[in-house]
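These notes are about the structure you will find just below.
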Amino acid sequence: MGARNEVHTDLLVVGSGIAGLTAALRASRTADVLLVTKTELAEGSTRYAQGGIAGALDPADSAAAHARDTLGAGAGLCDEAAVRVLCEEGPTAIRRLIDLGVAFDRTGGPDSSYAMCLEGAHSRPRILHAGGDATGRAIENALVAAVRERGIAVREQSALVDLRVEDGRVVGAELMTADGTRCMVRARATLLATGGAGQLFSHTTNPAVSTGDGIAAAARAGAALEDLEFYQFHPTALAAPGSFLISEAVRGEGAVVRDEQGRRFLPEHDPRAELAPRYVVARAIARVMDAQEGRPVLLDATGIGSMRLRERFPTIDAAVRAAGFDWGRAPVPVTPAAHYWMGGIRTDLDGRTSLPGLLAAGECARTGVHGANRLASNSLLEAAVFAARAVEAALSGCGAGAVGAGPAEVPRADSVPAGSAPGLSVLTGTAATARPDRPSPAEPLPAEPSPPTGPSAGVDRRARADPSAPVDRAARADSSAGAWSRAALQDLMWSRAGLLRTGSQLAGAAAQLNAWRSPAPSVLTTVRALEDRNLLDLARLLTAHALNRPASVGAHHRLDAPISVPDSAQEALAC
């Protein structure tokens with residue numbers, strides 16, 4: 001194990017996507033900031049975001065209308081106060097991005113109005129894009145340039161090992177560099193902006209760095225987690241290394257989906273066919289892939305033509321061709337893929353978690369904005385809005401060098417009754433109201449999972465509960481063996497806890513995950529080993545949360561359970 005050293009700062013920001021960069025920029029005005037990132041500063045999910053950023057900027061639009069659309073998409077599980085904050089403060093957050101140099105697309109010349117696009121489940125056009133399908137890259141580049149220009153301290157190639165908790169308060173974190181060297185950063189406040197965990201699944205649109213490091217570290221430290229059962233799957237990712245996302249807009253231009261025999265099948269599932277809501281398309285594809293023993297379906301864009309594909313979708317076209325496909329001439333293989341985690345570290349409206357000294361923002365945080373479904377293009381907005389609020393809360397009433405000052409006596413998350421763990425102020429320990437109808441916060445998992453309740457009770461766990469469920473290729477894993485691989489974990493999660501689930505599959509996954517040994521501390525000498533530990537921790541937690549919600553709602557779809565909200569309320573799984 002490498003040597004240790006220690007550094008001190010006011011605010012430690014872990015993660016360099018839109019949330020982390022926004023937080024660092026805001027805090028650097030009055031406090032000492034250290035921004036750390038696992039690989040390069042510009043790497044992360046933000047730069048790969050093809051979709052835009054939503055906001056009520058048009059005079060004919062309103063924050064109230066945006067909020068109604070967001071609440072409708074969330075299948076009844078959004079926190080209304082968080083949604084109001086998002087939609088009311090969203091336009092200001094977007095204007096800050098513009099001031100930092102993000103060149104959103106306009107209708108004409110440089111002085112023309114911004115091009116507002118309409119996306120699924122929005123009642124009017126309010127989506128800004130940059131570079132057509134390269135919004136995330138434009139935002140990331142502008143924010144990285146601003147961080148560099150401002151001279152903010154940055155440590156690249158530095159992975160989060162664990163949070164440091166002393167007397168019930170987070171006082172910093174231990175990091176590991178690529179060569180195994182350990183470093184302890186002591187901070188008056190720590191903000192996690194580490195993104196999601198798409199690498200839990202064998203197919204994901206997320207980059208390789210998305211291993212849920214911040215969520216897992218927060219769970220080990222005792223922070224409350226929430227809504228982990230809600231993972232969004234995009235219906236069409238290229239079935240090639242990297243699982244590059246192919247936007248719904250391609251189907252909007254006329255592309256169709258076919259099985260491996262060339263048969264177009266989506267009209268059989270919904271009269272809207274390729275233009276049906278995302279969850280309809282993704283689940284239909286999953287069923288066809290099941291019948292094909294897991295082989296991908298085909299996206300046929302030949303009717304659009306090579307020239308139009310190159311003009312309309314320059315980023316996608318380049319990626320598809322780089323993977324070796326001429327999609328203007330022949331169909332390309334696609335699969336659903338894990339895309340966005342609605343759940344995460346429970347926070348209040350100011351990014352405070354249940355642990356004093358710890359804040360979270362971006363995809364790793366569960367703010368309550370998304371509920372069970374994420375409305376199109378709300379994720380970049382959420383990161384920008386709540387990262388800024390988290391920093392302002394940490395700095396409120398404090399001068400430079402006093403971030404998060406003042407210890408508070410607070411309960412640990414694992415000592416609070418299930419479903420009632422409060423979110424506590426970084427500064428004062430003031431409790432934030434928790435939703436009583438939520439699954440319980442993160443707890444150590446039992447050696448054997450509890451039987452599912454409700455509609456899945458009594459299901460034979462040795463057999464598939466529904467003939468349309470995915471083929472359980474991971475069932476061949478030896479549950480008596482403690483050794484495992486990342487690929488085995490990803491296959492298990494994909495087949496038993498992915499897009500289509502049953503109580504028996506989830507229980508089987510939980511048993512297998514609990515049979516696998518966590519990496520011993522002696523082997524945690526590489527970033528890869530740290531990531532594997534995080535993925536196993538999070539796979540166990542996600543599966544437990546999914547078992548704890550027996551009814552289907554939003555992105556949590558159980559084939560053996562009824563849908564608990566009207567289908568019309570679930571039509572907005574976003575981009």
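Residues are named by chain letter and number: chains run A, B, ... in the order of the structure tokens, numbers start at 1 in each chain, and ligands are numbered from 1 in the order shown.
Note that DSSP on the backbone gives helix (DSSP H, G or I) to these residues of stretch 101-165 of chain A: A:Thr135, A:Gly136, A:Arg137, A:Ala138, A:Ile139, A:Glu140, A:Asn141, A:Ala142, A:Leu143, A:Val144, A:Ala145, A:Ala146, A:Val147, A:Arg148, A:Glu149, A:Arg150.
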Quiz item: Near A:Gly343, within 12 Å and counting only C-alpha atoms, which residues show up once chain neighbours fewer than 5 positions away are dropped, as a ChimeraX atom specification?
Solution: /A:77-78,195-197,212,215,224-232,361-374,438-439,441-442,538,541-542,545-546,555-556
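Closest to A:Gly498 among A:Leu238, A:Ala338, A:Ala81, A:Val527 is A:Ala338, based on only C-alpha atoms.
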Quiz prompt | Close residues, A:Arg558 itself excluded, 7 Å, only C-alpha atoms, min 5 positions apart in chain, as a VMD selection string | solution = chain A and resid 500 to 502 551 to 552
Quiz item: Out of A:Glu156, A:Asp10, A:Glu89, A:Glu149, which residue has the shortest atom-to-atom distance to A:Thr177 when counting only C-alpha atoms?
Solution: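 Of the candidates, the smallest distance to A:Thr177 is held by A:Glu156.
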